[in-house]
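The data block below is start_16.cif; it holds mmCIF, C-alpha atoms.
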```
data_protein
#
loop_
_atom_site.label_atom_id
_atom_site.label_comp_id
_atom_site.auth_asym_id
_atom_site.auth_seq_id
_atom_site.Cartn_x
_atom_site.Cartn_y
_atom_site.Cartn_z
CA MET A 1 0.00 0.00 0.00
CA LEU A 2 2.81 2.40 0.84
CA GLY A 3 4.56 1.51 -2.39
CA VAL A 4 1.98 3.30 -4.49
CA LEU A 5 2.87 6.57 -2.81
CA ALA A 6 5.87 6.88 -5.02
CA CYS A 7 4.04 6.59 -8.33
CA GLY A 8 1.52 9.44 -8.08
CA SER A 9 1.31 12.20 -10.67
CA ALA A 10 3.95 14.90 -10.96
CA ALA A 11 2.51 17.54 -8.66
CA ALA A 12 1.22 16.03 -5.42
CA ALA A 13 -2.33 17.05 -4.60
CA GLU A 14 -2.83 19.50 -1.77
CA TYR A 15 -4.69 18.22 1.31
CA LYS A 16 -6.12 20.71 3.81
CA PRO A 17 -6.58 19.94 7.50
CA LEU A 18 -10.12 20.03 8.91
CA PRO A 19 -10.62 19.99 12.67
CA GLY A 20 -13.80 17.88 12.77
CA GLY A 21 -15.91 17.78 15.92
CA SER A 22 -19.59 17.53 16.59
CA PHE A 23 -21.71 18.13 13.51
CA ALA A 24 -25.47 18.29 12.99
CA SER A 25 -25.87 16.17 9.89
CA VAL A 26 -29.05 15.88 7.87
CA LEU A 27 -28.62 12.16 8.64
CA PRO A 28 -28.57 11.79 12.43
CA GLY A 29 -26.78 8.64 13.50
CA ASP A 30 -29.65 7.45 15.65
CA GLY A 31 -32.35 8.44 13.15
CA LYS A 32 -33.53 11.23 15.46
CA ASP A 33 -31.21 14.01 16.52
CA ALA A 34 -27.76 12.70 17.45
CA SER A 35 -24.86 14.78 16.17
CA ALA A 36 -22.18 13.12 14.12
CA ARG A 37 -18.74 13.05 15.71
CA ILE A 38 -16.06 13.67 13.14
CA ALA A 39 -12.38 13.02 13.86
CA PRO A 40 -9.83 15.49 12.44
CA PHE A 41 -8.95 14.66 8.84
CA ARG A 42 -7.39 16.15 5.75
CA MET A 43 -9.31 16.71 2.54
CA ARG A 44 -8.11 17.20 -1.00
CA GLU A 45 -8.29 20.90 -1.77
CA GLU A 46 -9.85 20.20 -5.16
CA PRO A 47 -11.78 17.43 -6.83
CA VAL A 48 -9.69 15.07 -8.95
CA SER A 49 -9.15 16.47 -12.45
CA ASN A 50 -9.14 14.74 -15.83
CA ALA A 51 -5.38 15.30 -16.02
CA GLU A 52 -4.85 13.64 -12.64
CA PHE A 53 -7.07 10.73 -13.52
CA LEU A 54 -5.26 10.27 -16.83
CA ALA A 55 -1.97 10.05 -14.94
CA PHE A 56 -3.59 7.46 -12.69
CA VAL A 57 -4.84 5.18 -15.47
CA THR A 58 -1.47 5.51 -17.19
CA ALA A 59 0.29 4.30 -14.05
CA HIS A 60 -2.43 1.70 -13.34
CA PRO A 61 -3.55 0.34 -16.73
CA ALA A 62 -6.04 -2.02 -15.07
CA TRP A 63 -8.22 1.10 -14.66
CA ARG A 64 -8.11 2.12 -18.35
CA ARG A 65 -11.59 2.10 -19.81
CA ASP A 66 -10.59 -0.67 -22.24
CA ASN A 67 -9.36 -2.88 -19.38
CA VAL A 68 -11.72 -2.37 -16.50
CA PRO A 69 -14.09 -5.31 -15.88
CA ALA A 70 -17.85 -4.69 -15.85
CA VAL A 71 -18.07 -5.51 -12.16
CA PHE A 72 -16.06 -2.35 -11.36
CA ALA A 73 -17.39 0.17 -13.89
CA ASP A 74 -20.32 0.43 -16.28
CA ARG A 75 -20.01 1.19 -19.98
CA GLY A 76 -20.11 4.93 -19.46
CA TYR A 77 -16.78 4.84 -17.62
CA LEU A 78 -14.58 7.66 -19.00
CA SER A 79 -16.63 7.48 -22.19
CA HIS A 80 -16.25 11.23 -22.78
CA TRP A 81 -12.48 10.85 -23.18
CA ALA A 82 -11.19 10.71 -26.74
CA GLY A 83 -9.42 7.41 -26.04
CA ALA A 84 -8.45 5.03 -23.27
CA ASP A 85 -5.28 7.07 -22.72
CA ARG A 86 -6.28 10.43 -24.24
CA LEU A 87 -8.54 13.23 -22.99
CA GLY A 88 -9.52 15.03 -26.21
CA ASP A 89 -11.86 18.00 -26.65
CA ASP A 90 -14.66 16.92 -24.35
CA ALA A 91 -12.45 16.41 -21.32
CA LYS A 92 -10.21 19.35 -20.49
CA PRO A 93 -7.25 18.61 -18.22
CA ASP A 94 -8.44 21.08 -15.56
CA GLN A 95 -12.05 19.95 -15.50
CA PRO A 96 -13.07 17.58 -12.73
CA VAL A 97 -13.02 13.98 -13.87
CA THR A 98 -16.51 12.50 -14.10
CA ARG A 99 -17.96 9.23 -15.40
CA VAL A 100 -15.94 7.34 -12.83
CA SER A 101 -17.28 4.51 -10.71
CA TRP A 102 -16.97 4.23 -6.94
CA PHE A 103 -14.45 1.42 -7.38
CA ALA A 104 -12.30 3.55 -9.69
CA ALA A 105 -12.53 6.52 -7.32
CA GLN A 106 -11.48 4.30 -4.39
CA ALA A 107 -8.55 2.94 -6.38
CA PHE A 108 -7.43 6.45 -7.30
CA CYS A 109 -7.56 7.58 -3.67
CA GLU A 110 -5.61 4.52 -2.56
CA SER A 111 -2.96 5.41 -5.13
CA GLU A 112 -2.34 8.62 -3.21
CA ASP A 113 -2.54 6.97 0.20
CA ALA A 114 -6.02 8.28 0.82
CA SER A 115 -9.63 7.14 0.70
CA LEU A 116 -13.02 8.53 -0.21
CA PRO A 117 -14.57 10.75 2.47
CA SER A 118 -17.45 9.45 4.53
CA TRP A 119 -20.76 11.20 3.99
CA TYR A 120 -20.34 13.00 7.31
CA GLU A 121 -16.90 14.27 6.36
CA TRP A 122 -18.12 15.50 3.01
CA GLU A 123 -21.27 17.14 4.39
CA TYR A 124 -19.28 18.79 7.17
CA ALA A 125 -16.68 20.20 4.76
CA ALA A 126 -19.38 21.39 2.37
CA ALA A 127 -21.30 23.21 5.12
CA ALA A 128 -18.58 25.88 5.23
CA ASP A 129 -18.33 29.00 3.13
CA ALA A 130 -15.50 31.51 2.79
CA ARG A 131 -16.13 32.98 6.26
CA ARG A 132 -17.98 30.41 8.34
CA ALA A 133 -17.46 26.78 9.27
CA ASP A 134 -21.21 26.27 9.14
CA ALA A 135 -23.07 28.55 6.77
CA ARG A 136 -26.14 26.37 6.46
CA ALA A 137 -28.43 28.57 8.51
CA ASP A 138 -27.91 31.43 6.04
CA PRO A 139 -30.77 31.57 3.50
CA ALA A 140 -28.44 33.19 0.94
CA TRP A 141 -26.01 30.25 1.21
CA ARG A 142 -28.83 27.78 0.82
CA GLU A 143 -30.13 29.68 -2.18
CA ARG A 144 -26.74 29.55 -3.88
CA VAL A 145 -26.36 25.84 -3.31
CA LEU A 146 -29.86 25.14 -4.49
CA ASP A 147 -29.27 27.29 -7.58
CA TRP A 148 -26.55 24.94 -8.73
CA TYR A 149 -28.80 21.94 -8.42
CA GLY A 150 -31.38 23.72 -10.52
CA ARG A 151 -28.99 24.34 -13.39
CA PRO A 152 -29.49 22.10 -16.41
CA SER A 153 -26.85 19.39 -16.54
CA GLY A 154 -26.22 19.54 -20.29
CA HIS A 155 -23.64 22.35 -20.11
CA PRO A 156 -19.91 21.63 -20.16
CA LEU A 157 -18.43 21.46 -16.67
CA PRO A 158 -16.50 24.53 -15.52
CA ALA A 159 -12.82 24.19 -14.65
CA ILE A 160 -11.72 23.44 -11.09
CA GLY A 161 -10.79 26.52 -9.06
CA GLY A 162 -13.81 28.01 -7.32
CA ALA A 163 -13.51 30.10 -4.16
CA ALA A 164 -11.92 28.37 -1.17
CA ASN A 165 -13.96 27.83 1.98
CA VAL A 166 -12.63 28.53 5.50
CA TYR A 167 -10.61 25.34 5.38
CA GLY A 168 -9.10 26.17 2.00
CA VAL A 169 -11.17 23.50 0.24
CA ARG A 170 -12.75 24.38 -3.12
CA ASP A 171 -15.63 23.37 -5.36
CA LEU A 172 -17.61 21.29 -2.89
CA ASN A 173 -21.00 22.71 -3.68
CA ALA A 174 -21.21 23.97 -7.21
CA LEU A 175 -19.15 21.90 -9.60
CA VAL A 176 -19.92 18.18 -9.61
CA TRP A 177 -21.61 15.55 -7.48
CA GLU A 178 -19.01 13.62 -5.51
CA TRP A 179 -18.72 10.01 -4.43
CA VAL A 180 -18.51 9.25 -0.75
CA ASP A 181 -17.26 6.07 0.86
CA ASP A 182 -20.64 5.07 2.33
CA PHE A 183 -22.76 6.40 -0.56
CA ASN A 184 -25.07 3.42 -0.78
CA ALA A 185 -26.16 3.06 2.82
CA LEU A 186 -27.26 6.60 3.62
CA LEU A 187 -30.95 5.76 3.65
CA VAL A 188 -30.70 2.41 5.37
CA SER A 189 -32.63 2.56 8.60
CA SER A 190 -30.64 3.48 11.66
CA ASP A 191 -32.28 0.54 13.32
CA SER A 192 -31.70 -2.62 11.33
CA ARG A 193 -34.08 -4.43 13.63
CA GLU A 194 -37.03 -2.80 11.94
CA GLN A 195 -37.37 -5.62 9.54
CA ASP A 196 -40.66 -7.19 8.85
CA GLY A 197 -40.81 -6.91 5.13
CA ALA A 198 -38.50 -6.77 2.16
CA ASP A 199 -39.44 -3.21 1.25
CA LYS A 200 -39.71 -1.62 4.62
CA LEU A 201 -35.96 -1.48 5.10
CA LYS A 202 -35.57 0.61 1.99
CA PHE A 203 -37.97 3.26 3.15
CA CYS A 204 -37.81 3.63 6.88
CA GLY A 205 -34.54 5.58 6.62
CA ALA A 206 -36.29 8.09 4.38
CA GLY A 207 -38.88 8.62 7.10
CA ALA A 208 -36.15 9.56 9.53
CA LEU A 209 -34.64 11.89 6.97
CA ALA A 210 -37.79 13.87 6.47
CA MET A 211 -37.65 14.91 10.10
CA GLN A 212 -34.29 16.63 9.90
CA GLN A 213 -33.40 20.01 8.48
CA LYS A 214 -35.96 20.09 5.73
CA GLU A 215 -34.64 23.50 4.76
CA ASN A 216 -31.42 21.87 3.61
CA TYR A 217 -33.30 20.49 0.69
CA ALA A 218 -30.25 20.56 -1.59
CA THR A 219 -28.25 18.36 0.77
CA LEU A 220 -31.12 15.93 1.00
CA MET A 221 -31.25 15.76 -2.80
CA ARG A 222 -27.59 14.84 -2.79
CA VAL A 223 -28.25 12.06 -0.29
CA ALA A 224 -31.11 10.75 -2.40
CA MET A 225 -29.01 10.81 -5.57
CA LEU A 226 -26.05 9.02 -3.97
CA SER A 227 -28.34 6.42 -2.45
CA ALA A 228 -29.73 5.52 -5.84
CA LEU A 229 -26.31 4.54 -7.22
CA GLN A 230 -24.56 1.22 -7.58
CA ALA A 231 -20.80 1.14 -7.00
CA SER A 232 -20.13 0.43 -10.68
CA ASP A 233 -22.31 3.32 -11.91
CA THR A 234 -20.87 6.36 -13.66
CA THR A 235 -22.62 9.60 -14.57
CA ARG A 236 -21.60 12.71 -16.46
CA ASN A 237 -21.72 14.93 -13.36
CA LEU A 238 -20.33 12.62 -10.73
CA GLY A 239 -16.70 13.02 -9.70
CA PHE A 240 -14.84 12.69 -6.42
CA ARG A 241 -12.10 13.86 -4.10
CA CYS A 242 -10.16 12.01 -1.42
CA VAL A 243 -9.39 12.41 2.27
CA ARG A 244 -6.61 11.25 4.54
CA HIS A 245 -7.21 10.11 8.09
CA PHE A 246 -4.75 10.52 10.87
CA ALA A 247 -3.52 7.35 12.50
CA LYS A 248 -6.11 6.13 14.98
CA ALA A 249 -5.46 6.92 18.62
CA PRO A 250 -5.27 3.82 20.79
CA ARG A 251 -8.58 2.99 22.45
CA MET B 1 4.18 -47.33 -20.89
CA LYS B 2 6.23 -44.20 -21.34
CA ARG B 3 3.84 -43.02 -23.99
CA ILE B 4 0.86 -43.61 -21.73
CA LEU B 5 2.52 -41.62 -18.96
CA LEU B 6 3.23 -38.80 -21.37
CA LEU B 7 -0.35 -38.87 -22.55
CA LEU B 8 -1.51 -38.83 -18.98
CA ALA B 9 0.71 -35.90 -18.16
CA LEU B 10 -0.66 -34.02 -21.17
CA LEU B 11 -4.19 -34.78 -20.11
CA VAL B 12 -3.56 -33.56 -16.58
CA THR B 13 -1.90 -30.31 -17.62
CA GLY B 14 -4.61 -29.82 -20.23
CA ALA B 15 -7.26 -30.27 -17.61
CA CYS B 16 -5.58 -27.84 -15.25
CA ALA B 17 -5.27 -25.18 -17.92
CA ALA B 18 -8.91 -25.67 -18.85
CA ALA B 19 -9.97 -25.41 -15.20
CA ALA B 20 -9.05 -21.75 -14.93
CA PRO B 21 -10.26 -19.69 -17.87
CA PRO B 22 -10.25 -15.95 -17.21
CA LEU B 23 -13.01 -14.76 -14.88
CA PRO B 24 -16.00 -13.12 -16.55
CA GLY B 25 -15.97 -9.32 -16.39
CA ASP B 26 -19.01 -9.26 -14.14
CA SER B 27 -17.60 -11.75 -11.62
CA VAL B 28 -17.30 -10.52 -8.05
CA TYR B 29 -14.15 -12.67 -7.90
CA ARG B 30 -12.44 -9.91 -9.89
CA LEU B 31 -12.13 -8.21 -6.52
CA GLN B 32 -8.74 -9.07 -5.10
CA VAL B 33 -9.28 -9.25 -1.36
CA LYS B 34 -8.09 -11.63 1.31
CA LEU B 35 -10.53 -13.34 3.65
CA THR B 36 -9.76 -15.27 6.82
CA ASP B 37 -12.16 -17.95 8.04
CA GLN B 38 -13.27 -19.03 11.52
CA ASP B 39 -10.34 -21.45 11.75
CA GLY B 40 -7.75 -18.85 10.82
CA HIS B 41 -7.24 -19.99 7.23
CA ALA B 42 -6.57 -17.10 4.87
CA PHE B 43 -7.75 -17.31 1.27
CA PRO B 44 -8.37 -14.96 -1.62
CA LEU B 45 -12.05 -14.32 -2.38
CA ALA B 46 -11.52 -15.89 -5.82
CA ALA B 47 -10.67 -19.21 -4.12
CA ARG B 48 -14.44 -19.66 -3.77
CA ARG B 49 -14.58 -20.16 -7.52
CA GLY B 50 -15.83 -23.53 -8.65
CA ARG B 51 -18.77 -23.97 -6.27
CA VAL B 52 -22.12 -22.25 -6.05
CA GLN B 53 -22.31 -19.93 -3.04
CA VAL B 54 -24.97 -18.21 -1.01
CA VAL B 55 -23.23 -15.17 0.46
CA SER B 56 -24.27 -12.59 3.00
CA MET B 57 -22.76 -10.16 5.46
CA PHE B 58 -23.34 -9.96 9.21
CA TYR B 59 -21.51 -9.17 12.42
CA ALA B 60 -21.26 -11.36 15.47
CA SER B 61 -22.26 -8.77 18.07
CA CYS B 62 -25.47 -7.91 16.19
CA THR B 63 -28.20 -9.60 18.16
CA MET B 64 -31.38 -8.92 16.25
CA VAL B 65 -31.34 -9.12 12.48
CA CYS B 66 -27.97 -10.82 11.90
CA PRO B 67 -28.95 -14.15 13.47
CA MET B 68 -31.94 -14.02 11.16
CA ILE B 69 -29.63 -13.55 8.19
CA LEU B 70 -27.73 -16.70 9.13
CA ASP B 71 -31.06 -18.47 9.77
CA SER B 72 -32.22 -17.52 6.30
CA MET B 73 -29.07 -18.99 4.75
CA HIS B 74 -29.64 -22.16 6.75
CA LEU B 75 -33.31 -22.34 5.72
CA THR B 76 -32.37 -21.82 2.08
CA ALA B 77 -29.95 -24.75 2.23
CA ARG B 78 -32.47 -26.88 4.09
CA ALA B 79 -35.05 -26.37 1.36
CA LEU B 80 -32.82 -28.35 -1.03
CA ASP B 81 -32.56 -32.11 -1.40
CA ALA B 82 -29.44 -33.67 0.11
CA PRO B 83 -27.43 -34.13 -3.13
CA SER B 84 -27.99 -30.48 -4.07
CA ARG B 85 -27.22 -29.28 -0.57
CA ALA B 86 -23.86 -31.05 -0.71
CA LYS B 87 -22.88 -28.87 -3.65
CA LEU B 88 -23.72 -25.55 -1.97
CA ASP B 89 -21.39 -23.37 0.10
CA LEU B 90 -22.60 -20.80 2.63
CA LEU B 91 -20.34 -17.79 3.13
CA ALA B 92 -21.05 -15.10 5.74
CA ILE B 93 -18.62 -12.18 5.84
CA SER B 94 -18.37 -9.87 8.84
CA PHE B 95 -18.97 -6.11 8.58
CA ASP B 96 -16.99 -5.65 11.76
CA PRO B 97 -13.29 -6.52 11.44
CA ALA B 98 -12.46 -4.55 14.61
CA HIS B 99 -14.43 -6.97 16.78
CA ASP B 100 -14.84 -10.08 14.68
CA ASP B 101 -11.38 -11.58 14.80
CA VAL B 102 -10.80 -15.26 14.10
CA ALA B 103 -11.56 -16.21 17.71
CA ALA B 104 -14.87 -14.31 17.67
CA LEU B 105 -15.88 -15.96 14.39
CA HIS B 106 -14.91 -19.35 15.76
CA ARG B 107 -16.97 -18.76 18.92
CA HIS B 108 -19.91 -17.60 16.86
CA ALA B 109 -19.77 -20.67 14.62
CA ARG B 110 -19.70 -22.93 17.70
CA LEU B 111 -22.45 -21.03 19.45
CA ARG B 112 -24.73 -21.21 16.43
CA ALA B 113 -23.66 -24.75 15.47
CA LEU B 114 -22.60 -23.66 12.00
CA GLU B 115 -20.63 -26.59 10.66
CA SER B 116 -17.90 -26.40 8.10
CA PRO B 117 -18.69 -27.41 5.41
CA PRO B 118 -20.98 -25.87 4.27
CA TRP B 119 -20.41 -22.82 6.47
CA THR B 120 -17.59 -20.33 6.25
CA LEU B 121 -17.63 -17.31 8.53
CA ALA B 122 -15.02 -14.88 7.31
CA ARG B 123 -13.45 -11.54 8.06
CA ALA B 124 -11.55 -9.05 5.89
CA GLU B 125 -9.70 -5.81 6.60
CA ALA B 126 -11.90 -2.70 6.86
CA PRO B 127 -11.29 -1.15 3.39
CA ASP B 128 -11.86 -4.57 1.83
CA VAL B 129 -15.12 -5.03 3.75
CA ARG B 130 -16.45 -1.90 2.08
CA LYS B 131 -15.45 -3.22 -1.36
CA LEU B 132 -16.93 -6.63 -0.68
CA ALA B 133 -20.22 -5.01 0.29
CA ALA B 134 -20.08 -2.90 -2.87
CA VAL B 135 -19.55 -5.82 -5.27
CA LEU B 136 -22.28 -7.78 -3.51
CA GLY B 137 -24.65 -4.80 -3.57
CA ILE B 138 -25.06 -4.90 0.20
CA ARG B 139 -25.52 -1.51 1.82
CA VAL B 140 -23.53 -0.83 4.95
CA ARG B 141 -22.61 2.17 6.99
CA VAL B 142 -20.87 2.53 10.33
CA THR B 143 -22.99 4.53 12.73
CA GLY B 144 -20.42 4.63 15.52
CA ALA B 145 -20.27 2.71 18.78
CA GLY B 146 -19.74 -0.58 16.99
CA GLU B 147 -23.11 -0.43 15.28
CA PHE B 148 -23.76 -0.81 11.59
CA ASN B 149 -26.68 0.17 9.45
CA HIS B 150 -26.90 -2.41 6.75
CA SER B 151 -29.25 -4.05 4.35
CA SER B 152 -29.99 -7.71 4.98
CA GLU B 153 -29.68 -9.71 1.83
CA LEU B 154 -28.65 -13.10 0.59
CA VAL B 155 -26.75 -13.18 -2.70
CA LEU B 156 -26.45 -16.22 -4.96
CA LEU B 157 -23.18 -16.59 -6.87
CA ASP B 158 -22.59 -19.06 -9.69
CA VAL B 159 -19.36 -21.06 -9.93
CA ASP B 160 -17.62 -18.10 -11.58
CA GLY B 161 -18.78 -15.52 -9.05
CA ARG B 162 -21.54 -13.93 -11.10
CA ILE B 163 -24.56 -12.73 -9.14
CA LEU B 164 -27.52 -14.85 -10.22
CA ALA B 165 -30.14 -13.82 -7.67
CA ARG B 166 -30.63 -11.99 -4.39
CA THR B 167 -33.29 -11.77 -1.76
CA ALA B 168 -34.09 -9.40 1.08
CA THR B 169 -36.49 -11.88 2.66
CA ILE B 170 -35.11 -12.60 6.08
CA GLY B 171 -36.27 -15.00 8.77
CA ARG B 172 -37.78 -17.53 6.37
CA SER B 173 -36.73 -18.94 3.03
CA ASP B 174 -37.75 -17.10 -0.13
CA PRO B 175 -39.24 -19.62 -2.60
CA ALA B 176 -38.06 -17.71 -5.68
CA PHE B 177 -34.53 -17.50 -4.28
CA VAL B 178 -34.52 -21.19 -3.37
CA GLN B 179 -35.64 -21.97 -6.90
CA ALA B 180 -32.72 -19.91 -8.27
CA VAL B 181 -30.30 -21.81 -6.00
CA ARG B 182 -31.76 -25.10 -7.21
CA ALA B 183 -31.36 -24.07 -10.84
CA ALA B 184 -27.77 -22.93 -10.27
CA LEU B 185 -26.87 -26.22 -8.61
CA ALA B 186 -28.61 -28.24 -11.32
CA ALA B 187 -26.44 -26.45 -13.88
CA THR B 188 -23.21 -27.51 -12.14
CA PRO B 189 -21.81 -31.03 -12.26
#
```

Take the structure in the file and write it out as structure tokens.
Amino acid sequence: MLGVLACGSAAAAEYKPLPGGSFASVLPGDGKDASARIAPFRMREEPVSNAEFLAFVTAHPAWRRDNVPAVFADRGYLSHWAGADRLGDDAKPDQPVTRVSWFAAQAFCESEDASLPSWYEWEYAAAADARRADARADPAWRERVLDWYGRPSGHPLPAIGGAANVYGVRDLNALVWEWVDDFNALLVSSDSREQDGADKLKFCGAGALAMQQKENYATLMRVAMLSALQASDTTRNLGFRCVRHFAKAPR
Amino acid sequence: MKRILLLLALLVTGACAAAAPPLPGDSVYRLQVKLTDQDGHAFPLAARRGRVQVVSMFYASCTMVCPMILDSMHLTARALDAPSRAKLDLLAISFDPAHDDVAALHRHARLRALESPPWTLARAEAPDVRKLAAVLGIRVRVTGAGEFNHSSELVLLDVDGRILARTATIGRSDPAFVQAVRAALAATP
């Protein structure tokens, strides 16, 4: 695992420290009102770009679109690139990479000794704006975030390099959707014992969701979108960034 | 005699080469992860290739739904006739590598009288657990304090690790799933 550290792309990605702490997520851990506890971590300043992902598939050819098995990525994987090892006109080097599966995103993060963020880590980082660690109570902030979701998705993606938030992290809210480590379990009930029918499990988490922070509608949309994905899925607006965790303190 | 030996040798090598064609692209055995079973034996996931499997995920300290997951696997196997049952493997992988070490898995197998074969209780390292859940389409999330939110599903794999069927029916056997298991076993020698 450490060996792959050496073979990253030329310029190492910048990771910014985030202090973590208690955080009121739209997804309370107990399904009611418990805050999430987030350990300090470091997050990639920017989402992974096409250029960075090209360097990755060049160093790890198993992740080229002409090599990757169906179990790890659907047919849309990197399909906007001009070739398996070429970006072309529809994928600028400084645009965020999209059409990548969860497996491919994980593999990329591992190649730089990192992993995908948990939902809590991502939501916590994205709650900040340029001045505040938690801007979510501000209607203007919510409006801006919601605006992005309302934009039609047919337009070319902008380049990476939006304004930094208080942690120095960019482009969390208005560039692409981003994979998280636990993307597929966000709506699973917080009490797995509630199980008396095949379908109930799929929906009881949503009931809990509706109780929390309805005004953060945009964040809830993100949860719903991520929950609908399979790990091999790719979409034209879904990219990712990575995080690094500090070594665990002894219990 | 020499010629017969040579012929035999050719046959054997031929058979070995034929036994391992490349895995299909949609095989979960493409995932290169190491598992360790309740007796401490380590094996790559792909070592399960060659036999039909019913797979699920659980954790030993989960007292409510997880025993029902294992029950459902048991009930699925019991719904088969004896010759079919002998061809089926049951694999339950822990969500909880921090607590479910080999000793805990071993205890759990004893406690629940899960005999090997057909049972394998297995653990993997944390990042691999996440990937295993992802290839199997099982939803899992750590909620802190050693608890996991997870979907409860049984997954049927063919001899090459392709997902043939799944069921979220827990606590009793699902007739459609049992039928799929039967069909998969009938298709294997």

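Near chain A, within 8 Å and counting all atoms listed in the file, the residues of chain B are B:Gly25, B:Asp26, B:Ser27, B:Val28, B:Arg30, B:Met64, B:Val65, B:Lys131, B:Ala134, B:Val135, B:Gly137, B:Arg139, B:Val140, B:Arg141, B:Thr143, B:Gly144, B:Asn149, B:His150, B:Ser151, B:Ala168, B:Thr169, B:Ile170.
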
Around the point (-18.0, -18.4, -11.4) in the file's coordinates, collect all residues with an atom within 9 Å, using all atoms listed in the file, and return them as number ranges by chain. B: 23-24, 27-29, 46, 48-52, 157-163

Pick out the residues sitting within 10 Å of region 152-161 of chain A, and hand them over as a PyMOL selection string; count all atoms listed in the file, and ignore anything fewer than 4 positions along from it in its own chain. chain A and resi 45-49+90-98+148+169-171+174-176+236-237

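Reported to one decimal place, the separation of CA of Ala165 (chain B) from CA of Gln179 (chain B) is 9.9 Å.
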
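Evaluating the PyMOL selection byres ((chain A and resi 219) around 10) against the shown model yields Ser25, Val26, Glu123, Ala126, Ala127, Arg142, Val145, Leu146, Tyr149, Asn173, Gln213, Lys214, Glu215, Asn216, Tyr217, Ala218, Leu220, Met221, Arg222, Val223, Ala224 and Met225 of chain A.
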
Step by step, work through what the PyMOL selection byres ((chain B and resi 111-125) around 6) selects in the shown file, and finish by giving those residues as a PyMOL selection string. chain B and resi 35-38+89-94+107-110+126-129
